[in-house]
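Here is start_34.txt, consisting of compact mmCIF, C-alpha atoms:
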```
# COMPACT_ATOMS: atom_id res chain seq x y z
CA ASN T 1 -23.28 -12.51 99.58
CA GLN T 2 -21.55 -13.24 96.31
CA GLN T 3 -18.13 -11.64 95.99
CA ILE T 4 -17.12 -10.42 92.55
CA ALA T 5 -13.73 -9.27 91.31
CA ALA T 6 -13.54 -7.59 87.92
CA LEU T 7 -10.63 -6.45 85.79
CA MET T 8 -11.45 -3.26 83.88
CA PRO T 9 -8.55 -2.25 81.60
CA SER T 10 -8.98 1.01 79.71
CA LEU T 11 -6.92 3.31 77.53
CA GLY T 12 -7.45 6.95 76.61
CA LEU T 13 -5.64 9.16 74.13
CA LEU T 14 -5.74 12.93 73.63
CA VAL T 15 -3.86 14.65 70.79
CA ARG T 16 -3.74 18.39 70.08
CA PRO T 17 -2.22 18.91 66.62
CA LEU T 18 -3.27 22.59 66.83
CA PRO T 19 -4.05 24.82 69.80
CA THR T 20 -7.66 24.99 68.65
CA LEU T 21 -8.06 21.33 67.62
CA SER T 22 -8.26 18.25 69.83
CA LEU T 23 -8.58 14.58 68.89
CA LYS T 24 -9.49 12.07 71.56
CA GLY T 25 -10.49 8.46 71.98
CA THR T 26 -10.98 5.82 74.65
CA VAL T 27 -11.37 2.05 74.74
CA GLY T 28 -11.95 -0.20 77.69
CA ARG T 29 -13.89 -2.89 79.45
CA SER T 30 -16.98 -1.89 81.40
CA PHE T 31 -18.37 -3.57 84.49
CA ARG T 32 -21.35 -2.44 86.56
CA PRO T 33 -23.13 -4.27 89.36
CA PRO T 34 -26.82 -3.49 89.92
CA ASP T 35 -27.48 -0.49 92.19
CA PHE T 36 -29.88 -0.34 95.13
CA LEU T 37 -32.79 0.95 93.05
CA GLU T 38 -32.41 -1.90 90.59
CA LEU T 39 -32.12 -4.47 93.36
CA PHE T 40 -34.83 -3.27 95.73
CA GLY T 41 -36.99 -0.74 93.82
CA ASP T 42 -38.60 2.36 95.32
CA ARG T 43 -41.82 0.87 96.76
CA GLY T 44 -43.71 2.62 93.96
CA ALA T 45 -43.36 2.61 90.18
CA VAL T 46 -40.06 0.70 90.26
CA VAL T 47 -39.99 -2.94 91.38
CA GLY T 48 -36.62 -4.35 92.42
CA ASN T 49 -35.04 -7.53 91.14
CA THR T 50 -32.61 -9.26 93.52
CA ASP T 51 -31.75 -11.88 90.88
CA LEU T 52 -29.81 -9.38 88.74
CA VAL T 53 -26.21 -10.10 87.86
CA PRO T 54 -23.62 -7.43 86.95
CA GLU T 55 -23.47 -6.22 83.36
CA HIS T 56 -20.14 -6.17 81.57
CA GLY T 57 -18.73 -5.58 78.12
CA TRP T 58 -16.49 -3.44 75.96
CA ALA T 59 -16.85 0.14 74.81
CA TRP T 60 -14.94 2.65 72.71
CA ASP T 61 -15.42 6.19 71.45
CA ALA T 62 -13.57 8.64 69.22
CA GLY T 63 -14.17 12.35 68.87
CA VAL T 64 -12.90 15.73 67.75
CA ARG T 65 -13.22 19.24 69.18
CA ALA T 66 -12.51 22.46 67.29
CA GLU T 67 -12.72 25.92 68.80
CA SER T 68 -12.07 29.44 67.65
CA PRO T 69 -9.06 31.40 68.94
CA SER T 70 -9.80 33.21 72.17
CA GLY T 71 -10.06 36.94 72.42
CA GLY T 72 -12.14 37.69 69.32
CA PRO T 73 -15.57 39.36 69.33
CA VAL T 74 -17.07 36.23 67.77
CA GLY T 75 -16.16 32.74 68.88
CA GLY T 76 -17.39 29.26 69.51
CA ALA T 77 -16.64 25.57 69.60
CA LEU T 78 -17.83 22.41 67.88
CA GLU T 79 -17.45 18.93 69.31
CA SER T 80 -18.51 15.55 67.97
CA ALA T 81 -17.89 11.93 68.92
CA PHE T 82 -18.85 8.44 67.83
CA PHE T 83 -19.46 5.84 70.55
CA TRP T 84 -19.97 2.07 70.57
CA ARG T 85 -20.79 -0.28 73.43
CA ASP T 86 -21.36 -4.03 73.49
CA THR T 87 -22.79 -5.24 76.81
CA ARG T 88 -23.51 -8.72 78.15
CA ASP T 89 -26.20 -9.20 80.80
CA ALA T 90 -27.24 -5.58 80.19
CA ILE T 91 -29.46 -4.28 83.01
CA VAL T 92 -32.49 -2.62 81.44
CA PHE T 93 -35.76 -1.35 82.94
CA VAL T 94 -38.88 -2.70 81.22
CA GLN T 95 -42.57 -2.18 81.87
CA ASN T 96 -44.56 -5.20 83.03
CA ALA T 97 -48.29 -5.92 82.74
CA GLN T 98 -49.02 -3.88 85.88
CA ARG T 99 -47.39 -0.81 84.27
CA THR T 100 -44.54 -0.79 86.75
CA GLN T 101 -40.87 -0.80 85.83
CA ILE T 102 -38.69 -3.79 86.63
CA PRO T 103 -35.00 -4.22 85.74
CA ILE T 104 -33.98 -7.41 83.97
CA ASN T 105 -30.81 -8.80 82.45
CA PHE T 106 -30.90 -8.88 78.66
CA GLY T 107 -28.56 -11.49 77.26
CA ARG T 108 -26.53 -9.12 75.11
CA ALA T 109 -27.11 -5.67 73.68
CA ARG T 110 -25.30 -3.24 71.39
CA VAL T 111 -25.58 0.55 71.44
CA TYR T 112 -23.79 2.91 69.08
CA GLY T 113 -24.29 6.40 67.76
CA VAL T 114 -23.02 9.93 67.56
CA GLU T 115 -23.03 12.91 69.89
CA ALA T 116 -22.45 16.52 68.87
CA ALA T 117 -22.43 19.84 70.70
CA ALA T 118 -21.83 23.41 69.57
CA ASP T 119 -21.77 26.82 71.15
CA ALA T 120 -21.22 30.29 69.76
CA ARG T 121 -20.58 33.73 71.19
CA LEU T 122 -21.59 36.85 69.27
CA GLY T 123 -19.83 39.77 70.85
CA GLU T 124 -20.66 40.19 74.51
CA VAL T 125 -24.40 40.04 73.92
CA VAL T 126 -25.58 36.73 72.39
CA ASP T 127 -24.78 33.12 73.40
CA LEU T 128 -25.98 30.17 71.31
CA HIS T 129 -25.70 26.50 72.20
CA GLY T 130 -26.99 23.15 71.01
CA ALA T 131 -26.55 19.43 71.54
CA PHE T 132 -27.57 16.35 69.55
CA THR T 133 -27.53 12.64 70.31
CA GLY T 134 -28.49 9.97 67.81
CA LEU T 135 -28.15 6.33 68.72
CA VAL T 136 -29.05 2.84 67.59
CA SER T 137 -29.76 0.21 70.23
CA GLU T 138 -30.31 -3.46 69.49
CA VAL T 139 -30.78 -6.63 71.48
CA THR T 140 -28.37 -9.13 69.92
CA GLU T 141 -28.76 -12.15 72.23
CA SER T 142 -31.79 -12.84 74.43
CA TYR T 143 -35.17 -14.54 74.23
CA GLY T 144 -36.08 -15.14 70.60
CA ALA T 145 -38.86 -12.53 70.58
CA TYR T 146 -36.49 -9.79 71.78
CA VAL T 147 -33.59 -10.25 69.36
CA GLY T 148 -33.34 -7.31 66.99
CA ASN T 149 -35.56 -5.05 69.11
CA GLN T 150 -34.60 -1.66 70.48
CA LEU T 151 -33.66 -1.37 74.12
CA PRO T 152 -36.42 0.13 76.28
CA ARG T 153 -36.06 3.71 77.60
CA LEU T 154 -33.44 4.70 75.01
CA PRO T 155 -34.79 7.30 72.53
CA ALA T 156 -33.15 7.26 69.10
CA VAL T 157 -32.85 11.06 68.91
CA GLU T 158 -32.38 13.83 71.46
CA LEU T 159 -31.91 17.46 70.44
CA ARG T 160 -31.50 20.61 72.52
CA LEU T 161 -31.16 24.18 71.26
CA GLY T 162 -30.89 27.41 73.22
CA ALA T 163 -30.15 31.11 72.88
CA GLU T 164 -29.42 33.78 75.46
CA VAL T 165 -29.22 37.56 75.15
CA HIS T 166 -27.58 39.47 77.96
CA TRP T 167 -26.17 42.84 78.90
CA ARG T 168 -23.09 42.04 80.96
CA GLU T 169 -24.62 39.94 83.74
CA VAL T 170 -27.19 42.52 84.80
CA VAL T 171 -29.98 41.19 82.58
CA ARG T 172 -30.07 37.81 80.82
CA VAL T 173 -32.99 36.50 78.75
CA GLY T 174 -32.97 32.96 77.37
CA TYR T 175 -34.99 30.51 75.30
CA ALA T 176 -34.61 26.73 75.01
CA TRP T 177 -36.18 23.99 72.92
CA SER T 178 -35.76 20.26 73.39
CA TYR T 179 -36.93 17.28 71.38
CA THR T 180 -36.87 13.65 72.49
CA ALA T 181 -38.00 10.88 70.18
CA GLY T 182 -40.44 8.32 71.51
CA ASN T 183 -38.89 5.48 73.49
CA TYR T 184 -40.21 1.95 74.02
CA TRP T 185 -41.25 0.95 77.51
CA ASP T 186 -41.22 -2.81 76.99
CA ALA T 187 -38.85 -5.43 75.61
CA THR T 188 -41.31 -6.50 72.92
CA ASN T 189 -41.39 -2.97 71.43
CA TRP T 190 -45.18 -2.77 71.49
CA HIS T 191 -45.62 0.27 73.76
CA LEU T 192 -44.04 3.43 72.37
CA ALA T 193 -44.03 6.71 74.31
CA ALA T 194 -45.01 9.83 72.40
CA PRO T 195 -42.18 12.10 71.22
CA ARG T 196 -41.64 15.17 73.40
CA SER T 197 -41.08 18.67 71.95
CA LEU T 198 -40.90 21.26 74.73
CA HIS T 199 -40.16 24.99 74.85
CA GLY T 200 -38.91 27.06 77.75
CA ALA T 201 -37.78 30.60 78.55
CA PHE T 202 -36.28 32.57 81.42
CA VAL T 203 -35.26 36.07 82.45
CA ARG T 204 -32.66 36.78 85.14
CA VAL T 205 -31.84 40.15 86.72
CA GLN T 206 -28.87 40.94 88.97
CA PRO T 207 -28.10 44.66 89.44
CA GLY T 208 -24.55 44.04 90.66
CA PRO T 209 -22.09 41.31 91.74
CA ARG T 210 -23.02 41.72 95.39
CA TRP T 211 -26.74 41.90 94.73
CA PRO T 212 -28.99 38.83 94.78
CA SER T 213 -30.29 37.58 91.43
CA LEU T 214 -33.98 37.20 90.63
CA GLU T 215 -34.97 34.67 87.97
CA LEU T 216 -38.32 33.88 86.38
CA GLU T 217 -38.39 30.62 84.40
CA VAL T 218 -41.24 29.07 82.43
CA ARG T 219 -40.95 25.42 81.46
CA ASN T 220 -43.20 23.81 78.85
CA LEU T 221 -44.05 27.27 77.59
CA THR T 222 -46.77 26.09 75.20
CA ASP T 223 -48.46 23.91 77.88
CA GLN T 224 -48.14 20.81 75.72
CA ARG T 225 -49.46 17.69 77.46
CA VAL T 226 -50.52 15.33 74.64
CA GLN T 227 -49.29 14.27 71.23
CA VAL T 228 -51.11 12.79 68.24
CA VAL T 229 -49.44 9.47 67.34
CA PRO T 230 -50.22 6.38 65.21
CA ARG T 231 -52.88 4.30 66.97
CA ASP T 232 -51.06 1.05 66.22
CA VAL T 233 -47.28 1.39 66.53
CA LEU T 234 -46.86 -1.99 64.81
CA ASN T 235 -48.76 -0.71 61.77
CA PRO T 236 -48.17 3.06 61.53
CA ASP T 237 -49.21 3.19 57.86
CA ASP T 238 -52.89 2.35 58.43
CA GLY T 239 -53.66 6.07 58.88
CA ALA T 240 -55.42 5.75 62.24
CA ARG T 241 -54.30 8.28 64.84
CA ALA T 242 -54.74 8.57 68.60
CA VAL T 243 -54.04 11.12 71.31
CA GLN T 244 -51.42 10.02 73.80
CA PRO T 245 -50.26 11.88 76.93
CA LEU T 246 -46.64 13.00 77.13
CA THR T 247 -44.80 11.00 79.75
CA ASP T 248 -41.35 10.63 81.24
CA PHE T 249 -39.20 7.51 80.89
CA LEU T 250 -41.18 5.72 83.61
CA GLY T 251 -44.60 6.49 82.17
CA TYR T 252 -45.55 9.38 84.48
CA PRO T 253 -47.53 12.12 82.67
CA LEU T 254 -45.52 15.31 82.22
CA PRO T 255 -46.88 18.46 83.88
CA GLY T 256 -48.16 21.35 81.83
CA ARG T 257 -46.78 24.85 81.97
CA LEU T 258 -44.57 25.33 85.01
CA VAL T 259 -43.56 28.75 86.36
CA LEU T 260 -40.58 28.98 88.72
CA VAL T 261 -39.32 32.04 90.61
CA SER T 262 -35.83 31.89 92.14
CA LEU T 263 -34.01 34.35 94.36
CA ARG T 264 -30.32 33.61 94.87
CA GLY T 265 -27.76 35.48 96.90
CA THR T 266 -24.97 35.25 99.45
CA LEU T 267 -25.38 36.36 103.04
CA PRO T 268 -22.92 39.03 104.21
CA GLY T 269 -19.84 37.39 105.63
CA ALA T 270 -20.72 33.94 104.31
CA GLY T 271 -17.63 32.02 103.31
CA ALA T 272 -15.28 34.49 104.97
CA ALA T 273 -12.41 33.15 107.05
CA PRO T 274 -13.01 33.33 110.84
```
Rewrite the coordinates I just gave you, this time as structure tokens.
Amino acid sequence: NQQIAALMPSLGLLVRPLPTLSLKGTVGRSFRPPDFLELFGDRGAVVGNTDLVPEHGWAWDAGVRAESPSGGPVGGALESAFFWRDTRDAIVFVQNAQRTQIPINFGRARVYGVEAAADARLGEVVDLHGAFTGLVSEVTESYGAYVGNQLPRLPAVELRLGAEVHWREVVRVGYAWSYTAGNYWDATNWHLAAPRSLHGAFVRVQPGPRWPSLELEVRNLTDQRVQVVPRDVLNPDDGARAVQPLTDFLGYPLPGRLVLVSLRGTLPGAGAAP
């Protein structure tokens, strides 16, 4: 029944020195109370913690976006930003001895890094896109054994690349690849998830604007389920290797190859005014 009032000043700035160039930045104070999942869990892999207090801190970011003039046969855009966040009482999920996730308040944590995204258009046939995130997370104030460690569930590198070939919107074929570096599950940084490198592809057909579209998508195209990793993450140079299953951020094993078929359309008269 505790009532909390928080002041969250923030400032944002956007400058366009050229029609195709944008500079932007923000700075402000952050404040976030724990949500229902963090407080009460999900009666499964996540255990709630009703003793959590709100996290708060300061954050800023600065970025630039450049894009090609519109109307040309070849075009694209490139965007990049640097971000920094210093949080007190940071709410972070960690894995306990029963291999369930429980949120706790770290004393103080710092996260900073860079984000970048790019897309390109080659005529009216090929679309390319990619995104990259690299970050550094560090516990700066907490229990002595945690200081200097990485924050759980935050991978240091995420990369996504994709390409699509299409003829108008009648036929579109695409490929995607994603890479996620291994993330720690615990505050002591002893349990490291295996890195995930996954491929996917899809084909979509729609004969006309009023026709339904049929899409076939295959995720985890190579059916990758395990990864060979150092047996001892605290001593990766000893040469010993082990097979570890690929998991999500909560420790659930990832499925193998997944095939999805989707049929999308609009019923006649749907959305029309009465």
Leaving out stretch 52-60 of chain T and any residue of its chain fewer than 5 positions from it, which residues lie within 6 Å of it when counting all atoms listed in the file, given as a PyMOL selection string? chain T and resi 26-34+83-90
Let's have the selection written as a PDB file, keeping the file's coordinate frame, with C-alpha atoms.
```pdb
ATOM      1  CA  THR T  26     -10.980   5.820  74.650  1.00  0.00           C
ATOM      2  CA  VAL T  27     -11.370   2.050  74.740  1.00  0.00           C
ATOM      3  CA  GLY T  28     -11.950  -0.200  77.690  1.00  0.00           C
ATOM      4  CA  ARG T  29     -13.890  -2.890  79.450  1.00  0.00           C
ATOM      5  CA  SER T  30     -16.980  -1.890  81.400  1.00  0.00           C
ATOM      6  CA  PHE T  31     -18.370  -3.570  84.490  1.00  0.00           C
ATOM      7  CA  ARG T  32     -21.350  -2.440  86.560  1.00  0.00           C
ATOM      8  CA  PRO T  33     -23.130  -4.270  89.360  1.00  0.00           C
ATOM      9  CA  PRO T  34     -26.820  -3.490  89.920  1.00  0.00           C
ATOM     10  CA  PHE T  83     -19.460   5.840  70.550  1.00  0.00           C
ATOM     11  CA  TRP T  84     -19.970   2.070  70.570  1.00  0.00           C
ATOM     12  CA  ARG T  85     -20.790  -0.280  73.430  1.00  0.00           C
ATOM     13  CA  ASP T  86     -21.360  -4.030  73.490  1.00  0.00           C
ATOM     14  CA  THR T  87     -22.790  -5.240  76.810  1.00  0.00           C
ATOM     15  CA  ARG T  88     -23.510  -8.720  78.150  1.00  0.00           C
ATOM     16  CA  ASP T  89     -26.200  -9.200  80.800  1.00  0.00           C
ATOM     17  CA  ALA T  90     -27.240  -5.580  80.190  1.00  0.00           C
TER      18      ALA T  90
END
```
Please provide the set of residues having any atom within 6 Å of stretch 258-266 of chain T, restricted to all atoms listed in the file, with same-chain residues fewer than 2 positions apart removed, written as a ChimeraX atom specification. /T:212-219
Output as JSON the centre and edge lengths (Å, one decimal) of the box along x, y and z of the file that holds every listed atom of stretch 175-189 of chain T after adding 6 Å on each side.
```
{"center_x": -38.0, "center_y": 12.0, "center_z": 73.8, "size_x": 18.8, "size_y": 49.0, "size_z": 19.3}
```
Residues at most 8 Å from stretch 146-163 of chain T, counting all atoms listed in the file, excluding those fewer than 2 positions away in the same chain, as a ChimeraX atom specification? /T:92-94,109,126-144,165,174-189,249
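The closest residue to T:Ala118, picked from T:Glu164, T:Leu78, T:Ala62, T:Gln101 and counting all atoms listed in the file, is T:Leu78.
Each of T:Asp248, T:Lys24, T:Arg108, T:Ala240 was checked against T:Leu11 using only C-alpha atoms; the smallest atom-to-atom distance is that of T:Lys24.
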So that I can check the surroundings of T:Gln244, please list as a PyMOL selection string every protein, DNA and RNA residue that reaches within 7 Å of it, counting all atoms listed in the file and ignoring chain neighbours fewer than 4 positions away. chain T and resi 194+226-229
Of T:Asp42, T:Asp61, T:Asp119, T:Asp238, the one nearest to T:Val74 when counting only C-alpha atoms is T:Asp119
Could you state the separation of atom CA of T:Gly75 and atom CA of T:Ala116 in Å, given to one decimal place? 17.4 Å
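Our summary of the geometry notes that atom CA of T:Gly63 is positioned 9.7 Å from atom CA of T:Leu14.
With distances restricted to all atoms listed in the file, T:Gly76 is the closest residue to T:Ala120 from T:Val205, T:Ala193, T:Gly76, T:Arg43.
Put simply, atom CA of T:Glu169 is 9.8 Å away from atom CA of T:Val125.
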Name the residues within 8 Å of (-22.5, 9.6, 74.2), counting only C-alpha atoms in the file's coordinates, and put them as a list in words. Ala81, Phe82, Phe83, Gly113, Val114, Glu115 and Thr133 of chain T
